[in-house]
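This report concerns only the one structure given below.
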Amino acid sequence: MVTHIDRCVRISPADKARLRLLFLAKHAQASGAPDAVDGNHAVYHHEMRTTLEEIGLNIRVANSYEALFERPDVDFVVTLLNRGGFQNSEMMAPLLLSWRDMPFMGASPILRGVSDDKYLSKLIASAHGVPTMPAQIFRRGGLVAEPAFRAERLVVKPNASSASWGLAMVDSWAEAQAQIDYLHGQGHDVLVEAWAPLLDVAVPVVGGSGGQPWILPPMMYVPADPHRARSHEEKRGLIDAGDDPLVLVEDRALLTQLEDMTRRLLPELWPFDYGRFEFRYDPVSGAAQFMEVNLSCNLWSKKTISRSARAIGVDHQMLVETIIGHSLERQGLLTEAPLQVAA
């Protein structure tokens, strides 16, 4: 019987000594204090750096895309440089690394682009029979389009939004249009979707032993007021909101439903090293609907993936080593088989 620990990957001491890694993140060289703009992302990047060092990996650090303009003198890149301050920046580091034929953690540029386009990911879900909320895309500079659906409440947000920046919840298409115009003016494509009750559920998926997807326990976000959207400032820790109120999903019917929907979507997006499949769950009707997928998402120990892994006895360091070990193995960089983890 395969246990949770059996799914973990441990990199051999010989490979740890041989491989040279570059850790690329905006705050990779910072002290670990919260940043005035990026908030807890600075804490997260510092934690990731120290975790890589504690694993025993031979790392160098850089904090800008310029480090990739020439081929880095390393064997592998761990990149958390996702948001570069311009449109489609999620693809920038993967594209530069692909250009230099440099293996890296995450997913291919095209998969990063598809997952970052929330509207396209909804089309993928619909194509596989996974229910999702009615939605409409308003591309910047695109054709004028009339509202395609009716809803009592609408969510308007950048189509490639991060941490709820620019999100608005409105009660009419007139209000939606005002937010669309504002976001277009900020340089964003805009997604409008019907608001769905009530609770956000995330299904973490990482690469595990044997090169296969490892679906971790789903986590439900249970806020005091489920009708209020979380703000960008809350998600980034720019205001004091405490730790995310996450609880394990225990309802067997919901667990079955979430795993089924996630497995339907995986063939379109695999291979990748880690991500979250996000759904909206209504406990009254029992219905779950796909919202989005986030590849190469937040790996901070206080966030969803790490807290899910911890619930089954996999600590943060072991989780990070598993993700990196999976990535190294699938790209042919390990000379020795990954070590079995002692239970």
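Residue numbers start at 1 in each chain; chains themselves are named A, B, ... in the order of the structure tokens; ligands are numbered from 1 in the order shown.
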Using only C-alpha atoms, I'd like a table of the residues in segment 243-339 of chain A that come within 12 Å of segment 86-91 of chain A; for each, show the closest atom pair and its distance in Å rounded to one decimal, ordered by chain and ascending number, as a tab-separated table.
```
residue	atom	partner	partner_atom	distance
A:Asn294	CA	A:Glu90	CA	10.8
A:Leu295	CA	A:Glu90	CA	9.8
A:Ser296	CA	A:Glu90	CA	9.3
A:Cys297	CA	A:Glu90	CA	10.5
```
Inset, instruction - Show which residues sit within 7 Å of Ser306 of chain A, as number ranges by chain. Count only C-alpha atoms, and ignore same-chain residues fewer than 6 positions away. - result: A: 299-300, 316
Considering only strand (DSSP E or B) as DSSP defines it on the backbone, what residues of segment 47-242 of chain A qualify? List them as an mmCIF file with N, CA and C atoms, in the first residue's frame.
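Output file out.cif follows:
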```
data_model
loop_
_atom_site.group_PDB
_atom_site.id
_atom_site.type_symbol
_atom_site.label_atom_id
_atom_site.label_comp_id
_atom_site.auth_asym_id
_atom_site.auth_seq_id
_atom_site.Cartn_x
_atom_site.Cartn_y
_atom_site.Cartn_z
ATOM 1 N N ASN A 58 22.744 23.404 -3.223
ATOM 2 C CA ASN A 58 23.793 24.379 -3.531
ATOM 3 C C ASN A 58 23.167 25.504 -4.348
ATOM 4 N N ILE A 59 22.838 26.620 -3.703
ATOM 5 C CA ILE A 59 22.071 27.654 -4.394
ATOM 6 C C ILE A 59 22.844 28.966 -4.522
ATOM 7 N N ARG A 60 22.520 29.644 -5.616
ATOM 8 C CA ARG A 60 22.877 31.043 -5.809
ATOM 9 C C ARG A 60 21.555 31.805 -5.871
ATOM 10 N N VAL A 61 21.602 33.106 -5.719
ATOM 11 C CA VAL A 61 20.355 33.866 -5.707
ATOM 12 C C VAL A 61 20.435 35.042 -6.672
ATOM 13 N N ALA A 62 19.266 35.400 -7.214
ATOM 14 C CA ALA A 62 19.128 36.577 -8.072
ATOM 15 C C ALA A 62 17.710 37.097 -7.904
ATOM 16 N N PHE A 76 19.975 24.283 -12.820
ATOM 17 C CA PHE A 76 18.526 24.288 -12.622
ATOM 18 C C PHE A 76 18.140 25.594 -11.943
ATOM 19 N N VAL A 77 16.941 26.097 -12.280
ATOM 20 C CA VAL A 77 16.480 27.360 -11.708
ATOM 21 C C VAL A 77 15.174 27.141 -10.954
ATOM 22 N N VAL A 78 15.141 27.597 -9.715
ATOM 23 C CA VAL A 78 13.916 27.656 -8.918
ATOM 24 C C VAL A 78 13.421 29.093 -9.010
ATOM 25 N N THR A 79 12.379 29.318 -9.797
ATOM 26 C CA THR A 79 11.922 30.685 -10.005
ATOM 27 C C THR A 79 10.579 30.949 -9.331
ATOM 28 N N PHE A 104 13.962 24.295 -15.341
ATOM 29 C CA PHE A 104 13.460 25.145 -14.260
ATOM 30 C C PHE A 104 12.235 24.517 -13.618
ATOM 31 N N THR A 132 -18.673 25.390 -14.348
ATOM 32 C CA THR A 132 -18.047 26.648 -13.964
ATOM 33 C C THR A 132 -19.068 27.765 -14.094
ATOM 34 N N ALA A 135 -19.359 33.241 -17.577
ATOM 35 C CA ALA A 135 -18.314 34.259 -17.601
ATOM 36 C C ALA A 135 -18.183 34.834 -19.001
ATOM 37 N N GLN A 136 -17.630 36.033 -19.066
ATOM 38 C CA GLN A 136 -17.421 36.713 -20.340
ATOM 39 C C GLN A 136 -16.110 37.482 -20.272
ATOM 40 N N ILE A 137 -15.341 37.418 -21.353
ATOM 41 C CA ILE A 137 -14.064 38.111 -21.409
ATOM 42 C C ILE A 137 -14.215 39.418 -22.175
ATOM 43 N N PHE A 138 -13.561 40.441 -21.669
ATOM 44 C CA PHE A 138 -13.520 41.747 -22.333
ATOM 45 C C PHE A 138 -12.043 42.102 -22.524
ATOM 46 N N LEU A 154 -22.316 40.224 -9.822
ATOM 47 C CA LEU A 154 -21.230 39.986 -10.759
ATOM 48 C C LEU A 154 -19.883 40.223 -10.081
ATOM 49 N N VAL A 155 -18.903 39.452 -10.510
ATOM 50 C CA VAL A 155 -17.521 39.656 -10.084
ATOM 51 C C VAL A 155 -16.743 40.156 -11.294
ATOM 52 N N VAL A 156 -16.072 41.286 -11.136
ATOM 53 C CA VAL A 156 -15.283 41.885 -12.214
ATOM 54 C C VAL A 156 -13.831 41.931 -11.750
ATOM 55 N N LYS A 157 -12.918 41.406 -12.565
ATOM 56 C CA LYS A 157 -11.515 41.369 -12.135
ATOM 57 C C LYS A 157 -10.602 41.269 -13.350
ATOM 58 N N PRO A 158 -9.336 41.644 -13.192
ATOM 59 C CA PRO A 158 -8.386 41.415 -14.280
ATOM 60 C C PRO A 158 -8.348 39.934 -14.635
ATOM 61 N N ALA A 168 -13.778 43.633 -8.138
ATOM 62 C CA ALA A 168 -14.953 44.350 -7.639
ATOM 63 C C ALA A 168 -16.161 43.437 -7.735
ATOM 64 N N MET A 169 -17.026 43.509 -6.741
ATOM 65 C CA MET A 169 -18.295 42.787 -6.759
ATOM 66 C C MET A 169 -19.398 43.815 -6.937
ATOM 67 N N VAL A 170 -20.204 43.655 -7.994
ATOM 68 C CA VAL A 170 -21.204 44.670 -8.347
ATOM 69 C C VAL A 170 -22.554 43.995 -8.568
ATOM 70 N N VAL A 190 -10.222 41.946 -19.006
ATOM 71 C CA VAL A 190 -11.135 41.876 -17.859
ATOM 72 C C VAL A 190 -12.058 40.669 -17.979
ATOM 73 N N LEU A 191 -12.226 39.967 -16.884
ATOM 74 C CA LEU A 191 -13.161 38.851 -16.788
ATOM 75 C C LEU A 191 -14.352 39.275 -15.941
ATOM 76 N N VAL A 192 -15.552 39.024 -16.456
ATOM 77 C CA VAL A 192 -16.777 39.229 -15.683
ATOM 78 C C VAL A 192 -17.443 37.872 -15.531
ATOM 79 N N GLU A 193 -17.748 37.492 -14.306
ATOM 80 C CA GLU A 193 -18.397 36.207 -14.083
ATOM 81 C C GLU A 193 -19.517 36.363 -13.066
ATOM 82 N N ALA A 194 -20.463 35.445 -13.138
ATOM 83 C CA ALA A 194 -21.549 35.430 -12.160
ATOM 84 C C ALA A 194 -20.986 35.050 -10.795
ATOM 85 N N LEU A 199 -18.325 29.277 -0.591
ATOM 86 C CA LEU A 199 -17.030 29.020 0.009
ATOM 87 C C LEU A 199 -16.004 28.624 -1.052
ATOM 88 N N ASP A 200 -14.786 29.169 -0.913
ATOM 89 C CA ASP A 200 -13.689 28.810 -1.808
ATOM 90 C C ASP A 200 -13.033 27.520 -1.319
ATOM 91 N N VAL A 201 -12.784 26.614 -2.261
ATOM 92 C CA VAL A 201 -12.102 25.362 -1.946
ATOM 93 C C VAL A 201 -10.932 25.209 -2.905
ATOM 94 N N ALA A 202 -9.762 24.884 -2.367
ATOM 95 C CA ALA A 202 -8.570 24.686 -3.187
ATOM 96 C C ALA A 202 -8.134 23.231 -3.114
ATOM 97 N N VAL A 203 -7.816 22.665 -4.277
ATOM 98 C CA VAL A 203 -7.285 21.308 -4.356
ATOM 99 C C VAL A 203 -5.818 21.419 -4.764
ATOM 100 N N PRO A 204 -4.884 21.240 -3.826
ATOM 101 C CA PRO A 204 -3.471 21.326 -4.176
ATOM 102 C C PRO A 204 -3.020 20.072 -4.929
ATOM 103 N N VAL A 205 -2.188 20.268 -5.935
ATOM 104 C CA VAL A 205 -1.612 19.156 -6.686
ATOM 105 C C VAL A 205 -0.124 19.428 -6.856
ATOM 106 N N VAL A 206 0.695 18.446 -6.497
ATOM 107 C CA VAL A 206 2.142 18.570 -6.678
ATOM 108 C C VAL A 206 2.647 17.322 -7.390
ATOM 109 N N GLY A 207 3.852 17.430 -7.932
ATOM 110 C CA GLY A 207 4.491 16.257 -8.496
ATOM 111 C C GLY A 207 5.086 15.415 -7.389
ATOM 112 N N PRO A 213 1.025 12.986 -10.771
ATOM 113 C CA PRO A 213 0.383 14.008 -9.941
ATOM 114 C C PRO A 213 0.001 13.441 -8.580
ATOM 115 N N TRP A 214 0.210 14.241 -7.567
ATOM 116 C CA TRP A 214 -0.153 13.876 -6.205
ATOM 117 C C TRP A 214 -1.190 14.886 -5.735
ATOM 118 N N ILE A 215 -2.445 14.441 -5.614
ATOM 119 C CA ILE A 215 -3.525 15.315 -5.161
ATOM 120 C C ILE A 215 -3.526 15.329 -3.637
ATOM 121 N N MET A 219 -8.528 22.015 0.766
ATOM 122 C CA MET A 219 -8.663 22.959 1.874
ATOM 123 C C MET A 219 -9.765 23.956 1.550
ATOM 124 N N MET A 220 -10.612 24.226 2.533
ATOM 125 C CA MET A 220 -11.717 25.168 2.363
ATOM 126 C C MET A 220 -11.418 26.449 3.138
ATOM 127 N N TYR A 221 -11.645 27.572 2.472
ATOM 128 C CA TYR A 221 -11.479 28.879 3.109
ATOM 129 C C TYR A 221 -12.814 29.254 3.735
#
```
Legend entry - alpha helix (DSSP H) per DSSP on the backbone: members of segment 240-310 of chain A, as a count of residues only: 25
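You can rank A:Ala337, A:Ala288, A:Ala309, A:Leu80 by their closest distance to Met133 of chain A using only C-alpha atoms, and at the top of that list sits A:Ala288.
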Legend entry - Separation of atom CA of Glu175 of chain A from atom CA of Lys122 of chain A, in Å and rounded to one decimal: 23.2 Å
Legend entry - Pick from A:Arg153, A:Arg310, A:His46, A:Arg112, whichever lies nearest to Pro217 of chain A using only C-alpha atoms: A:Arg310
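The gap separating atom CA of Leu68 of chain A from atom CA of Ser98 of chain A is 10.2 Å, in Å to one decimal.
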